[in-house]
>>> print(open('query-v3.tsv').read())   # TSV, C-alpha atoms
chain	number	residue	atom	x	y	z
A	1	MET	CA	0.00	0.00	0.00
A	2	ALA	CA	2.90	2.34	0.76
A	3	LEU	CA	4.55	1.65	-2.61
A	4	VAL	CA	1.34	2.06	-4.59
A	5	THR	CA	0.49	5.40	-2.93
A	6	PHE	CA	4.05	6.75	-3.17
A	7	SER	CA	4.37	10.46	-3.90
A	8	PRO	CA	7.68	12.34	-4.39
A	9	SER	CA	6.28	15.35	-2.55
A	10	ASP	CA	5.85	13.38	0.68
A	11	PRO	CA	8.62	13.75	3.30
A	12	GLY	CA	10.99	10.78	2.98
A	13	TRP	CA	14.47	9.64	3.93
A	14	ALA	CA	16.22	11.90	1.38
A	15	SER	CA	14.02	15.03	1.46
A	16	ILE	CA	11.62	16.63	3.87
A	17	GLY	CA	9.48	18.48	1.31
A	18	HIS	CA	7.60	21.74	1.58
A	19	ASP	CA	4.24	20.12	2.34
A	20	THR	CA	3.88	18.85	5.89
A	21	SER	CA	0.75	16.80	5.06
A	22	VAL	CA	1.33	13.19	3.99
A	23	GLN	CA	-0.58	11.77	1.01
A	24	ASN	CA	0.60	8.18	1.53
A	25	TYR	CA	-2.08	5.82	2.85
A	26	ALA	CA	0.47	4.18	5.19
A	27	GLY	CA	1.23	7.47	6.95
A	28	ARG	CA	4.63	9.02	7.59
A	29	THR	CA	6.31	5.65	8.14
A	30	GLY	CA	4.89	4.30	4.88
A	31	ALA	CA	6.00	7.42	3.00
A	32	TRP	CA	9.53	7.11	4.43
A	33	LEU	CA	9.81	3.39	3.53
A	34	ALA	CA	8.37	3.95	0.06
A	35	SER	CA	10.83	6.76	-0.59
A	36	LEU	CA	13.75	4.55	0.55
A	37	PHE	CA	12.81	1.60	-1.67
A	38	MET	CA	11.91	3.69	-4.72
A	39	ASP	CA	15.12	5.71	-4.57
A	40	PHE	CA	17.37	2.68	-4.18
A	41	PHE	CA	15.66	0.07	-6.38
A	42	GLY	CA	13.26	2.08	-8.54
A	43	GLN	CA	10.31	0.16	-9.93
A	44	VAL	CA	11.96	-3.14	-8.96
A	45	ALA	CA	10.95	-2.35	-5.35
A	46	TYR	CA	7.61	-4.04	-6.08
A	47	LEU	CA	9.46	-7.38	-6.01
A	48	PHE	CA	9.71	-7.20	-2.19
A	49	PRO	CA	5.96	-7.52	-1.51
A	50	VAL	CA	5.75	-10.15	-4.26
A	51	MET	CA	8.52	-12.16	-2.56
A	52	ILE	CA	6.79	-11.91	0.82
A	53	ALA	CA	3.46	-13.01	-0.71
A	54	GLY	CA	5.13	-16.01	-2.39
A	55	TYR	CA	6.76	-17.05	0.88
A	56	ALA	CA	3.41	-16.79	2.66
A	57	ILE	CA	1.70	-18.96	0.04
A	58	MET	CA	4.45	-21.58	0.43
A	59	LEU	CA	3.94	-21.63	4.20
A	60	ILE	CA	0.17	-22.11	3.77
A	61	ARG	CA	0.56	-24.92	1.26
A	62	ARG	CA	3.15	-26.76	3.38
A	63	ARG	CA	1.64	-26.01	6.78
A	64	ASN	CA	1.39	-29.74	7.64
A	65	ASP	CA	5.02	-30.50	6.72
A	66	SER	CA	8.02	-30.09	8.94
A	67	MET	CA	9.70	-26.84	7.87
A	68	ASP	CA	13.35	-27.17	8.84
A	69	LEU	CA	15.49	-24.29	7.68
A	70	HIS	CA	18.00	-25.49	5.09
A	71	TRP	CA	20.74	-22.88	5.23
A	72	PRO	CA	22.57	-23.74	1.96
A	73	LEU	CA	19.29	-23.62	0.03
A	74	PHE	CA	18.26	-20.41	1.79
A	75	MET	CA	21.54	-18.70	0.94
A	76	MET	CA	21.30	-19.82	-2.68
A	77	ARG	CA	17.77	-18.45	-2.99
A	78	PHE	CA	18.76	-15.20	-1.27
A	79	GLY	CA	21.77	-14.79	-3.59
A	80	GLY	CA	19.53	-15.37	-6.59
A	81	PHE	CA	17.17	-12.68	-5.37
A	82	LEU	CA	20.04	-10.19	-5.05
A	83	LEU	CA	21.16	-10.99	-8.62
A	84	ILE	CA	17.59	-10.36	-9.82
A	85	LEU	CA	17.64	-6.94	-8.13
A	86	LEU	CA	20.99	-6.00	-9.68
A	87	SER	CA	20.23	-7.17	-13.22
A	88	ALA	CA	16.67	-5.83	-13.31
A	89	THR	CA	17.59	-2.37	-11.99
A	90	SER	CA	20.53	-2.14	-14.42
A	91	LEU	CA	18.34	-3.06	-17.41
A	92	LEU	CA	15.71	-0.48	-16.39
A	93	SER	CA	18.46	2.16	-16.10
A	94	LEU	CA	19.81	1.36	-19.59
A	95	TYR	CA	16.49	1.11	-21.45
A	96	SER	CA	13.17	2.83	-21.09
A	97	VAL	CA	10.95	-0.24	-20.67
A	98	PHE	CA	7.17	0.38	-20.85
A	99	GLY	CA	7.86	4.14	-21.15
A	100	LEU	CA	9.59	4.43	-17.78
A	101	GLY	CA	12.17	7.19	-17.15
A	102	VAL	CA	15.89	6.98	-16.41
A	103	SER	CA	15.31	6.91	-12.65
A	104	SER	CA	13.13	3.78	-12.89
A	105	GLY	CA	16.19	1.67	-11.99
A	106	GLY	CA	17.05	3.63	-8.86
A	107	VAL	CA	20.46	4.48	-7.49
A	108	MET	CA	21.65	0.85	-7.56
A	109	GLY	CA	20.70	0.34	-11.20
A	110	THR	CA	22.39	3.51	-12.30
A	111	ALA	CA	25.65	2.68	-10.51
A	112	VAL	CA	25.85	-0.94	-11.76
A	113	SER	CA	24.93	-0.11	-15.39
A	114	GLU	CA	27.48	2.73	-15.62
A	115	ALA	CA	30.22	0.47	-14.24
A	116	MET	CA	29.43	-2.37	-16.66
A	117	VAL	CA	29.20	-0.10	-19.70
A	118	ARG	CA	32.60	1.35	-18.78
A	119	PHE	CA	34.21	-2.10	-18.95
A	120	PHE	CA	31.98	-3.52	-21.71
A	121	ASN	CA	30.06	-1.84	-24.46
A	122	LEU	CA	26.25	-1.52	-24.45
A	123	PRO	CA	25.36	-4.72	-26.41
A	124	ALA	CA	27.67	-6.92	-24.31
A	125	THR	CA	26.35	-5.39	-21.09
A	126	THR	CA	22.77	-6.05	-22.23
A	127	LEU	CA	23.46	-9.72	-23.04
A	128	LEU	CA	25.25	-10.26	-19.73
A	129	LEU	CA	22.47	-8.66	-17.71
A	130	ILE	CA	19.79	-10.72	-19.48
A	131	ALA	CA	21.73	-13.96	-18.88
A	132	ILE	CA	22.24	-13.06	-15.20
A	133	PHE	CA	18.54	-12.24	-14.81
A	134	LEU	CA	17.39	-15.55	-16.31
A	135	PHE	CA	19.89	-17.55	-14.25
A	136	ALA	CA	18.87	-15.76	-11.03
A	137	LEU	CA	15.18	-16.30	-11.80
A	138	THR	CA	15.78	-20.04	-12.23
A	139	VAL	CA	17.78	-20.32	-9.00
A	140	THR	CA	15.33	-18.28	-6.93
A	141	THR	CA	12.00	-19.73	-8.07
A	142	GLY	CA	13.10	-23.18	-9.33
A	143	LEU	CA	11.40	-22.49	-12.66
A	144	SER	CA	11.83	-25.11	-15.40
A	145	TRP	CA	12.17	-23.51	-18.82
A	146	PHE	CA	11.25	-26.73	-20.59
A	147	TRP	CA	7.97	-26.84	-18.64
A	148	LEU	CA	7.34	-23.22	-19.54
A	149	MET	CA	7.96	-23.92	-23.23
A	150	ASP	CA	5.57	-26.91	-23.13
A	151	GLN	CA	2.86	-24.80	-21.50
A	152	ILE	CA	3.27	-21.97	-24.02
A	153	GLY	CA	3.24	-24.43	-26.93
A	154	GLY	CA	0.13	-26.18	-25.59
A	155	LEU	CA	-1.71	-22.87	-25.18
A	156	THR	CA	-0.69	-21.83	-28.70
A	157	LEU	CA	-2.01	-25.08	-30.20
A	158	ARG	CA	-5.29	-24.81	-28.28
A	159	PHE	CA	-5.75	-21.22	-29.42
A	160	GLY	CA	-5.07	-22.19	-33.04
A	161	LEU	CA	-7.53	-25.12	-32.92
A	162	ALA	CA	-10.17	-22.88	-31.35
A	163	LEU	CA	-9.75	-20.33	-34.15
A	164	LYS	CA	-9.94	-23.11	-36.75
A	165	ASP	CA	-13.15	-24.49	-35.28
A	166	MET	CA	-14.60	-21.00	-35.09
A	167	PHE	CA	-14.07	-20.09	-38.75
A	168	SER	CA	-14.32	-23.51	-40.45
A	169	PRO	CA	-17.85	-24.81	-41.18
A	170	ASP	CA	-18.72	-27.99	-39.33
A	171	PRO	CA	-21.11	-30.28	-41.30
A	172	ASP	CA	-22.07	-32.21	-38.18
A	173	LYS	CA	-23.27	-29.06	-36.47
A	174	LYS	CA	-25.32	-28.08	-39.53
A	175	LYS	CA	-26.99	-31.49	-39.61
A	176	ALA	CA	-27.68	-31.27	-35.90
A	177	LYS	CA	-29.33	-27.85	-36.38
A	178	ALA	CA	-31.37	-29.03	-39.36
A	179	GLU	CA	-32.71	-32.15	-37.70
A	180	PRO	CA	-35.17	-31.60	-34.86
A	181	THR	CA	-33.97	-32.72	-31.52
A	182	LYS	CA	-35.63	-35.90	-30.37
A	183	ALA	CA	-36.45	-36.62	-26.79
A	184	PRO	CA	-34.12	-39.19	-25.27
A	185	GLU	CA	-35.64	-42.63	-25.24
A	186	LYS	CA	-36.17	-44.19	-21.88
A	187	SER	CA	-34.22	-47.33	-21.26
A	188	ALA	CA	-36.29	-50.49	-20.93
A	189	GLU	CA	-36.79	-51.46	-17.33
A	190	PRO	CA	-36.41	-55.10	-16.32
A	191	PRO	CA	-39.70	-56.92	-15.61
A	192	LEU	CA	-40.70	-57.36	-12.01
A	193	VAL	CA	-41.20	-60.72	-10.36
A	194	LYS	CA	-44.95	-60.17	-9.98
A	195	ASP	CA	-45.43	-59.64	-13.68
A	196	ARG	CA	-46.92	-62.59	-15.45
A	197	VAL	CA	-45.48	-63.60	-18.73
A	198	PRO	CA	-48.29	-64.45	-21.18
A	199	ALA	CA	-48.27	-68.04	-22.38
A	200	PRO	CA	-47.47	-68.54	-26.05
A	201	LYS	CA	-50.57	-69.00	-28.16
A	202	ALA	CA	-51.05	-72.37	-29.67
A	203	GLU	CA	-50.62	-72.45	-33.36
A	204	LYS	CA	-53.77	-72.95	-35.26
A	205	LYS	CA	-53.93	-76.24	-37.00
A	206	ASP	CA	-54.46	-76.19	-40.65
A	207	ARG	CA	-57.96	-77.75	-40.85
A	208	GLN	CA	-58.38	-76.87	-44.44
A	209	GLY	CA	-57.84	-79.30	-47.26
A	210	PRO	CA	-54.74	-79.63	-49.33
A	211	ARG	CA	-53.42	-76.48	-50.91
A	212	TRP	CA	-53.30	-75.90	-54.62
A	213	TRP	CA	-49.51	-76.26	-54.78
A	214	HIS	CA	-49.78	-79.72	-53.26
A	215	ARG	CA	-51.11	-80.94	-56.62
A	216	ILE	CA	-47.83	-80.06	-58.35
A	217	PRO	CA	-45.55	-83.10	-58.46
A	218	GLY	CA	-42.73	-82.69	-56.01
A	219	PHE	CA	-44.45	-79.93	-53.97
A	220	GLY	CA	-47.04	-82.05	-52.22
A	221	PRO	CA	-46.83	-83.17	-48.62
A	222	GLY	CA	-44.21	-85.83	-48.07
A	223	LYS	CA	-45.41	-89.39	-47.57
A	224	ALA	CA	-43.82	-91.75	-45.21
A	225	LYS	CA	-41.67	-94.24	-47.03
A	226	ALA	CA	-42.76	-97.82	-46.65
A	227	LYS	CA	-40.29	-100.16	-45.13
A	228	PRO	CA	-39.04	-102.98	-47.31
A	229	THR	CA	-41.07	-106.15	-46.71
A	230	GLY	CA	-38.40	-108.55	-47.77
A	231	GLU	CA	-36.18	-107.74	-44.84
A	232	THR	CA	-37.33	-108.77	-41.44
A	233	LEU	CA	-35.91	-107.29	-38.36
A	234	LYS	CA	-34.28	-109.78	-36.12
A	235	GLU	CA	-33.34	-109.39	-32.56
A	236	ARG	CA	-29.69	-109.26	-31.88
A	237	LYS	CA	-28.27	-112.29	-30.19
A	238	GLU	CA	-24.90	-112.75	-28.79
A	239	PRO	CA	-22.98	-115.33	-30.82
A	240	GLY	CA	-21.34	-116.74	-27.74
A	241	LEU	CA	-24.61	-117.54	-26.05
A	242	GLU	CA	-26.00	-119.44	-29.04
A	243	ALA	CA	-23.41	-122.18	-28.56
A	244	CYS	CA	-24.54	-122.92	-25.05
A	245	ARG	CA	-26.11	-126.38	-24.97
A	246	PRO	CA	-28.71	-127.35	-22.40
A	247	ILE	CA	-27.50	-129.79	-19.83
A	248	SER	CA	-29.95	-132.34	-18.47
A	249	ILE	CA	-29.25	-133.64	-14.99
A	250	PRO	CA	-31.18	-136.70	-13.79
A	251	SER	CA	-33.08	-136.14	-10.60
A	252	ARG	CA	-32.04	-138.56	-7.92
A	253	PRO	CA	-32.76	-138.25	-4.25
A	254	GLY	CA	-29.79	-137.04	-2.26
A	255	LEU	CA	-27.81	-136.03	-5.38
A	256	ARG	CA	-26.38	-132.56	-5.71
A	257	ALA	CA	-24.78	-131.25	-8.87
A	258	SER	CA	-22.82	-128.09	-9.61
A	259	VAL	CA	-22.09	-126.82	-13.12
A	260	HIS	CA	-19.08	-124.62	-14.02
A	261	VAL	CA	-18.92	-123.09	-17.50
A	262	MET	CA	-15.30	-123.07	-18.55
A	263	THR	CA	-15.47	-121.90	-22.19
A	264	VAL	CA	-18.16	-120.67	-24.57
A	265	ARG	CA	-17.57	-121.24	-28.27
A	266	PRO	CA	-19.75	-119.85	-31.06
A	267	ARG	CA	-21.56	-122.28	-33.25
A	268	GLN	CA	-19.96	-122.65	-36.66
A	269	SER	CA	-21.43	-123.86	-39.89
A	270	PRO	CA	-20.16	-127.17	-41.29
A	271	SER	CA	-18.48	-125.37	-44.18
A	272	HIS	CA	-16.45	-123.14	-41.88
A	273	ARG	CA	-15.78	-125.78	-39.30
A	274	PRO	CA	-12.15	-126.88	-39.46
A	275	ARG	CA	-11.29	-130.44	-40.17
A	276	LEU	CA	-10.13	-132.25	-37.07
A	277	SER	CA	-8.26	-135.41	-36.69
A	278	PRO	CA	-9.95	-138.36	-34.90
A	279	GLN	CA	-7.86	-137.74	-31.81
A	280	SER	CA	-8.86	-134.03	-31.75
A	281	ARG	CA	-12.53	-134.93	-32.18
A	282	ARG	CA	-12.30	-137.37	-29.32
A	283	ASN	CA	-10.69	-134.73	-27.10
A	284	SER	CA	-13.29	-132.13	-28.04
A	285	ARG	CA	-16.08	-134.54	-27.20
A	286	LEU	CA	-14.53	-135.28	-23.86
A	287	GLY	CA	-14.16	-131.51	-23.25
A	288	ASP	CA	-17.82	-130.94	-24.14
A	289	HIS	CA	-18.94	-133.60	-21.68
>>> encode(input="query-v3.tsv", output="structure tokens")
Amino acid sequence: MALVTFSPSDPGWASIGHDTSVQNYAGRTGAWLASLFMDFFGQVAYLFPVMIAGYAIMLIRRRNDSMDLHWPLFMMRFGGFLLILLSATSLLSLYSVFGLGVSSGGVMGTAVSEAMVRFFNLPATTLLLIAIFLFALTVTTGLSWFWLMDQIGGLTLRFGLALKDMFSPDPDKKKAKAEPTKAPEKSAEPPLVKDRVPAPKAEKKDRQGPRWWHRIPGFGPGKAKAKPTGETLKERKEPGLEACRPISIPSRPGLRASVHVMTVRPRQSPSHRPRLSPQSRRNSRLGDH
């Protein structure tokens, strides 16, 4: 507030002034501090409240973290801030930026710029001051220039696409304007348990007579094919069980008999029956008995 309401006619640290009334909103103390900062640093004096506001925002964001003072990092940031003050005040003293006067850099800017121009010429001094300013800004704020370039490029592409969409006709939008908007259809709800599903209606039987296309050969109703009469279906019998011969056991009182089937041979026709020698026939008969 003191810097914004600064007036050269107010009594400050370098001059008392003819007017005893103070126009600064911060009073006599604010007028004295504003005169001190504006005379030393010029317009760069506005960086001090900006630095304090940034530090306050950092404290609010990291209020739940343990804030241990890291002295090497603090000294590096403080040195970067001093380099920003020196380079910015010198550049404002050399060039009239945004229409500002020669005294916009303050006493510090004037002294540093005159000393650098004495040892270097004006272009070299300008390049050095710009390099020092960018380096100090990176050290103090931790700004990543690659991130900044990505953000600027992304904003540029978005702005270009927005301009393209604004001036190029979109056929989809024209169709959407031409067609009337339809109300959104409601999604089908699942049937409740109490709902009764109607039973399917029985198909009506065709009680009418034969159709007219049934009279055309090949288009009439199919008739069941008659089974061949020459072939008779026979029940399947196991070939092994056909060779079983009945055994008759005479009934005598007090006689018990037990039968054990050792082998079952299929019956063979005489043509397929192998020729056996008399001894083999005798043994087969004994085996059958």
>>> atom_distance(input="query-v3.tsv", atom1="CA of Gly105 in chain A", atom2="CA of Met75 in chain A")
24.7 Å
>>> residues_around(input="query-v3.tsv", residues="Met76 in chain A", least_positions_apart="6", cutoff="12 Å", atoms="only C-alpha atoms", output="VMD selection string")
chain A and resid 70 82 to 83 135 to 142
>>> residues_around(input="query-v3.tsv", residues="Leu47 in chain A", least_positions_apart="3", cutoff="12 Å", atoms="only C-alpha atoms", output="VMD selection string")
chain A and resid 3 37 to 38 41 to 44 50 to 54 81 to 82 84 to 85 88 to 89
>>> atom_distance(input="query-v3.tsv", atom1="CA of Met1 in chain A", atom2="CA of Ala56 in chain A")
17.3 Å
>>> atom_distance(input="query-v3.tsv", atom1="CA of Gly30 in chain A", atom2="CA of Gly79 in chain A")
26.9 Å
>>> residues_around(input="query-v3.tsv", residues="Leu33 in chain A", least_positions_apart="2", cutoff="10 Å", atoms="all atoms listed in the file", output="JSON, numbers by chain")
{"A": [2, 3, 6, 12, 13, 26, 28, 29, 30, 31, 35, 36, 37, 38, 39]}
